[in-house]
file data_3.cif (mmCIF, C-alpha atoms)
data_coords
#
loop_
_atom_site.group_PDB
_atom_site.id
_atom_site.type_symbol
_atom_site.label_atom_id
_atom_site.label_comp_id
_atom_site.auth_asym_id
_atom_site.auth_seq_id
_atom_site.Cartn_x
_atom_site.Cartn_y
_atom_site.Cartn_z
ATOM 1 C CA ALA F 276 -76.880 94.507 40.359
ATOM 2 C CA ARG F 277 -73.327 95.084 41.589
ATOM 3 C CA VAL F 278 -73.878 98.707 42.650
ATOM 4 C CA CYS F 279 -77.273 98.019 44.228
ATOM 5 C CA THR F 280 -75.878 95.005 46.091
ATOM 6 C CA GLN F 281 -73.075 97.156 47.512
ATOM 7 C CA VAL F 282 -75.632 99.731 48.688
ATOM 8 C CA LEU F 283 -77.586 96.996 50.468
ATOM 9 C CA ILE F 284 -74.436 95.528 52.058
ATOM 10 C CA GLN F 285 -73.443 98.975 53.343
ATOM 11 C CA ASP F 286 -76.939 99.267 54.835
ATOM 12 C CA GLY F 287 -76.456 96.096 56.887
ATOM 13 C CA TRP F 288 -77.735 93.376 54.545
ATOM 14 C CA ARG F 289 -75.887 90.100 54.028
ATOM 15 C CA HIS F 290 -75.885 89.024 50.374
ATOM 16 C CA LEU F 291 -76.073 85.431 49.182
ATOM 17 C CA LYS F 292 -76.027 84.673 45.468
ATOM 18 C CA THR F 293 -78.289 81.826 44.460
ATOM 19 C CA ASP F 294 -77.180 79.363 41.815
ATOM 20 C CA PRO F 295 -80.198 77.233 40.954
ATOM 21 C CA VAL F 296 -79.588 73.851 39.383
ATOM 22 C CA SER F 297 -75.971 74.589 38.533
ATOM 23 C CA ARG F 298 -73.952 71.369 38.387
ATOM 24 C CA ARG F 299 -76.252 69.415 40.716
ATOM 25 C CA ALA F 300 -74.448 66.227 39.734
ATOM 26 C CA TRP F 301 -71.345 67.673 41.387
ATOM 27 C CA GLY F 302 -73.270 68.752 44.455
ATOM 28 C CA LYS F 303 -73.081 72.390 43.399
ATOM 29 C CA GLY F 304 -75.889 74.851 43.148
ATOM 30 C CA PHE F 305 -78.525 76.047 45.540
ATOM 31 C CA GLY F 306 -82.072 76.808 44.720
ATOM 32 C CA GLU F 307 -85.167 76.113 42.746
ATOM 33 C CA ILE F 308 -86.165 76.750 39.165
ATOM 34 C CA GLY F 309 -87.144 80.418 38.860
ATOM 35 C CA MET F 310 -85.583 81.443 42.182
ATOM 36 C CA ALA F 311 -84.377 85.044 42.450
ATOM 37 C CA ASP F 312 -80.711 85.829 41.743
ATOM 38 C CA SER F 313 -79.995 87.034 45.259
ATOM 39 C CA ILE F 314 -81.229 86.707 48.792
ATOM 40 C CA PHE F 315 -80.472 89.474 51.254
ATOM 41 C CA ILE F 316 -80.673 88.837 54.993
ATOM 42 C CA ARG F 317 -80.422 91.456 57.719
ATOM 43 C CA TYR F 318 -80.718 90.795 61.408
ATOM 44 C CA LYS F 319 -83.377 93.130 62.685
ATOM 45 C CA TYR F 320 -82.093 94.290 66.053
ATOM 46 C CA PRO F 321 -78.341 93.640 66.240
ATOM 47 C CA ALA F 322 -77.539 96.404 68.742
ATOM 48 C CA SER F 323 -80.473 95.738 71.042
ATOM 49 C CA ILE F 324 -79.911 91.993 71.474
ATOM 50 C CA ALA F 325 -77.143 92.568 74.037
ATOM 51 C CA LYS F 326 -79.451 94.887 76.010
ATOM 52 C CA LEU F 327 -82.189 92.251 76.018
ATOM 53 C CA LEU F 328 -79.703 89.714 77.366
ATOM 54 C CA GLY F 329 -78.463 91.994 80.128
ATOM 55 C CA GLY F 330 -75.239 92.880 78.347
ATOM 56 C CA LYS F 331 -74.341 89.321 77.312
ATOM 57 C CA THR F 332 -73.044 88.861 73.809
ATOM 58 C CA GLU F 333 -74.040 85.223 73.284
ATOM 59 C CA HIS F 334 -77.616 84.348 72.345
ATOM 60 C CA SER F 335 -79.947 82.707 74.790
ATOM 61 C CA ARG F 336 -81.538 79.445 73.624
ATOM 62 C CA ASP F 337 -84.920 81.007 74.401
ATOM 63 C CA LEU F 338 -84.341 83.977 72.094
ATOM 64 C CA GLN F 339 -85.580 83.649 68.538
ATOM 65 C CA ALA F 340 -83.569 85.206 65.741
ATOM 66 C CA LEU F 341 -85.254 88.177 64.138
ATOM 67 C CA CYS F 342 -84.365 89.102 60.592
ATOM 68 C CA GLU F 343 -85.527 90.708 57.389
ATOM 69 C CA ILE F 344 -85.238 88.825 54.105
ATOM 70 C CA ALA F 345 -85.508 90.150 50.579
ATOM 71 C CA TRP F 346 -85.269 88.125 47.372
ATOM 72 C CA ILE F 347 -84.205 90.177 44.348
ATOM 73 C CA GLU F 348 -84.162 89.199 40.685
ATOM 74 C CA TRP F 349 -81.841 91.599 38.895
ATOM 75 C CA LYS F 350 -82.551 92.384 35.249
ATOM 76 C CA ARG F 351 -80.921 94.631 32.703
ATOM 77 C CA GLU F 352 -82.952 97.579 31.450
ATOM 78 C CA ASP F 353 -83.967 95.571 28.388
ATOM 79 C CA GLY F 354 -84.461 92.306 30.291
ATOM 80 C CA THR F 355 -87.708 90.633 31.287
ATOM 81 C CA ALA F 356 -88.548 87.920 33.772
ATOM 82 C CA ALA F 357 -89.334 84.502 32.347
ATOM 83 C CA GLU F 358 -92.646 82.821 33.156
ATOM 84 C CA HIS F 359 -91.034 80.344 35.571
ATOM 85 C CA GLN F 360 -89.409 83.258 37.435
ATOM 86 C CA LEU F 361 -92.711 85.103 37.721
ATOM 87 C CA LYS F 362 -94.345 81.936 39.080
ATOM 88 C CA TRP F 363 -91.599 81.455 41.660
ATOM 89 C CA HIS F 364 -92.033 85.044 42.878
ATOM 90 C CA GLU F 365 -95.796 84.642 42.996
ATOM 91 C CA ARG F 366 -95.498 81.501 45.167
ATOM 92 C CA GLU F 367 -93.039 83.168 47.550
ATOM 93 C CA ARG F 368 -95.221 86.264 47.850
ATOM 94 C CA GLU F 369 -98.182 84.037 48.713
ATOM 95 C CA ARG F 370 -96.034 82.653 51.550
ATOM 96 C CA GLY F 371 -95.438 86.198 52.788
ATOM 97 C CA ALA F 372 -91.972 86.821 51.333
ATOM 98 C CA LEU F 373 -90.630 90.135 50.100
ATOM 99 C CA THR F 374 -89.539 89.479 46.528
ATOM 100 C CA LEU F 375 -88.577 92.030 43.907
ATOM 101 C CA ILE F 376 -88.025 91.864 40.188
ATOM 102 C CA ALA F 377 -86.107 94.635 38.464
ATOM 103 C CA GLY F 378 -88.243 96.054 35.680
ATOM 104 C CA VAL F 379 -91.446 94.972 37.446
ATOM 105 C CA ASP F 380 -91.250 96.254 41.029
ATOM 106 C CA PHE F 381 -88.776 99.040 40.302
ATOM 107 C CA GLU F 382 -87.190 100.482 37.182
ATOM 108 C CA ALA F 383 -84.309 98.211 36.090
ATOM 109 C CA SER F 384 -81.565 100.727 36.802
ATOM 110 C CA VAL F 385 -79.483 101.867 39.753
ATOM 111 C CA GLU F 386 -81.619 105.004 39.987
ATOM 112 C CA GLY F 387 -84.822 102.972 39.823
ATOM 113 C CA PHE F 388 -83.713 100.679 42.630
ATOM 114 C CA MET F 389 -82.403 103.548 44.767
ATOM 115 C CA GLY F 390 -85.716 105.391 44.406
ATOM 116 C CA TRP F 391 -87.658 102.275 45.423
ATOM 117 C CA TYR F 392 -85.320 101.571 48.357
ATOM 118 C CA ALA F 393 -85.512 105.140 49.637
ATOM 119 C CA LYS F 394 -89.322 104.886 49.810
ATOM 120 C CA SER F 395 -89.481 101.271 51.036
ATOM 121 C CA GLY F 396 -88.992 101.903 54.741
ATOM 122 C CA LEU F 397 -86.130 99.389 54.755
ATOM 123 C CA ARG F 398 -83.234 101.825 54.516
ATOM 124 C CA ARG F 399 -81.372 102.247 57.821
ATOM 125 C CA THR F 400 -78.732 104.747 56.731
ATOM 126 C CA ALA F 401 -79.198 108.082 55.002
#
call {"tool": "encode", "arguments": {"input": "data_3.cif", "output": "structure tokens"}}
result
Amino acid sequence: ARVCTQVLIQDGWRHLKTDPVSRRAWGKGFGEIGMADSIFIRYKYPASIAKLLGGKTEHSRDLQALCEIAWIEWKREDGTAAEHQLKWHERERERGALTLIAGVDFEASVEGFMGWYAKSGLRRTA
């Protein structure tokens, strides 16, 4: 997870680690039962926004943010997703989300993820 996350960050993704139901009584934790370990967000056209705004750097109120989002559940090579995790991914996919589970959508290894990412059409850098 650490190496793959660094690859995604270097390719322009912002990483947020989810922490479902952790210490809710203290106001800590973010998420739902079964939610993926990580959410990655990448703004789709960062360089072209200024051109669209005539060179301005601030966003116009009329401009909608455009981004890509990927939910990833990292698993060790010998790990498997629990039933509640599979159900969460299924619900999100029905909503149109890109969700991935290591060991299901790609081999649960750095090489497995890198192979999937190279073919995904999401990679910006070589």
call {"tool": "closest_residue", "arguments": {"input": "data_3.cif", "among": "F:Tyr318, F:Ala393, F:Met310, F:Glu352", "to": "Glu365 in chain F", "atoms": "only C-alpha atoms"}}
result
F:Met310
call {"tool": "closest_residue", "arguments": {"input": "data_3.cif", "among": "F:Gly378, F:Gly396, F:Gly390, F:Gly306", "to": "Ala356 in chain F", "atoms": "only C-alpha atoms"}}
result
F:Gly378
call {"tool": "resolve_selection", "arguments": {"input": "data_3.cif", "expression": "the PyMOL selection byres ((chain F and resi 314) around 12)", "output": "VMD selection string"}}
result
chain F and resid 280 283 to 284 288 to 294 305 to 306 310 to 313 315 to 317 343 to 349 372 to 375
call {"tool": "resolve_selection", "arguments": {"input": "data_3.cif", "expression": "the PyMOL selection byres ((chain F and resi 309) around 9)", "output": "PDB file with C-alpha atoms, in the coordinates of the input"}}
result
ATOM      1  CA  PRO F 295     -80.198  77.233  40.954  1.00  0.00           C
ATOM      2  CA  GLY F 306     -82.072  76.808  44.720  1.00  0.00           C
ATOM      3  CA  GLU F 307     -85.167  76.113  42.746  1.00  0.00           C
ATOM      4  CA  ILE F 308     -86.165  76.750  39.165  1.00  0.00           C
ATOM      5  CA  MET F 310     -85.583  81.443  42.182  1.00  0.00           C
ATOM      6  CA  ALA F 311     -84.377  85.044  42.450  1.00  0.00           C
ATOM      7  CA  ASP F 312     -80.711  85.829  41.743  1.00  0.00           C
ATOM      8  CA  ALA F 357     -89.334  84.502  32.347  1.00  0.00           C
ATOM      9  CA  GLU F 358     -92.646  82.821  33.156  1.00  0.00           C
ATOM     10  CA  HIS F 359     -91.034  80.344  35.571  1.00  0.00           C
ATOM     11  CA  GLN F 360     -89.409  83.258  37.435  1.00  0.00           C
ATOM     12  CA  LEU F 361     -92.711  85.103  37.721  1.00  0.00           C
ATOM     13  CA  LYS F 362     -94.345  81.936  39.080  1.00  0.00           C
ATOM     14  CA  TRP F 363     -91.599  81.455  41.660  1.00  0.00           C
ATOM     15  CA  HIS F 364     -92.033  85.044  42.878  1.00  0.00           C
TER      16      HIS F 364
END
call {"tool": "resolve_selection", "arguments": {"input": "data_3.cif", "expression": "the PyMOL selection byres ((chain F and resi 387) around 12)", "output": "list in words"}}
result
Ala276, Cys279, Trp349, Lys350, Arg351, Glu352, Ile376, Ala377, Gly378, Val379, Asp380, Phe381, Glu382, Ala383, Ser384, Val385, Glu386, Phe388, Met389, Gly390, Trp391, Tyr392, Ala393 and Lys394 of chain F
call {"tool": "write_last_selection", "arguments": {"input": "data_3.cif", "atoms": "C-alpha atoms", "output": "tab-separated table (two decimals), keeping the file's coordinate frame"}}
result
chain	number	residue	atom	x	y	z
F	276	ALA	CA	-76.88	94.51	40.36
F	279	CYS	CA	-77.27	98.02	44.23
F	349	TRP	CA	-81.84	91.60	38.90
F	350	LYS	CA	-82.55	92.38	35.25
F	351	ARG	CA	-80.92	94.63	32.70
F	352	GLU	CA	-82.95	97.58	31.45
F	376	ILE	CA	-88.02	91.86	40.19
F	377	ALA	CA	-86.11	94.64	38.46
F	378	GLY	CA	-88.24	96.05	35.68
F	379	VAL	CA	-91.45	94.97	37.45
F	380	ASP	CA	-91.25	96.25	41.03
F	381	PHE	CA	-88.78	99.04	40.30
F	382	GLU	CA	-87.19	100.48	37.18
F	383	ALA	CA	-84.31	98.21	36.09
F	384	SER	CA	-81.56	100.73	36.80
F	385	VAL	CA	-79.48	101.87	39.75
F	386	GLU	CA	-81.62	105.00	39.99
F	388	PHE	CA	-83.71	100.68	42.63
F	389	MET	CA	-82.40	103.55	44.77
F	390	GLY	CA	-85.72	105.39	44.41
F	391	TRP	CA	-87.66	102.28	45.42
F	392	TYR	CA	-85.32	101.57	48.36
F	393	ALA	CA	-85.51	105.14	49.64
F	394	LYS	CA	-89.32	104.89	49.81
call {"tool": "atom_distance", "arguments": {"input": "data_3.cif", "atom1": "CA of Glu367 in chain F", "atom2": "CA of Arg277 in chain F"}}
result
23.8 Å
call {"tool": "atom_distance", "arguments": {"input": "data_3.cif", "atom1": "CA of Glu369 in chain F", "atom2": "CA of Asp353 in chain F"}}
result
27.4 Å
call {"tool": "atom_distance", "arguments": {"input": "data_3.cif", "atom1": "CA of Gly287 in chain F", "atom2": "CA of Cys342 in chain F"}}
result
11.2 Å
call {"tool": "closest_residue", "arguments": {"input": "data_3.cif", "among": "F:Leu341, F:Arg370, F:Arg399, F:Thr355", "to": "Asp286 in chain F", "atoms": "all atoms listed in the file"}}
result
F:Arg399
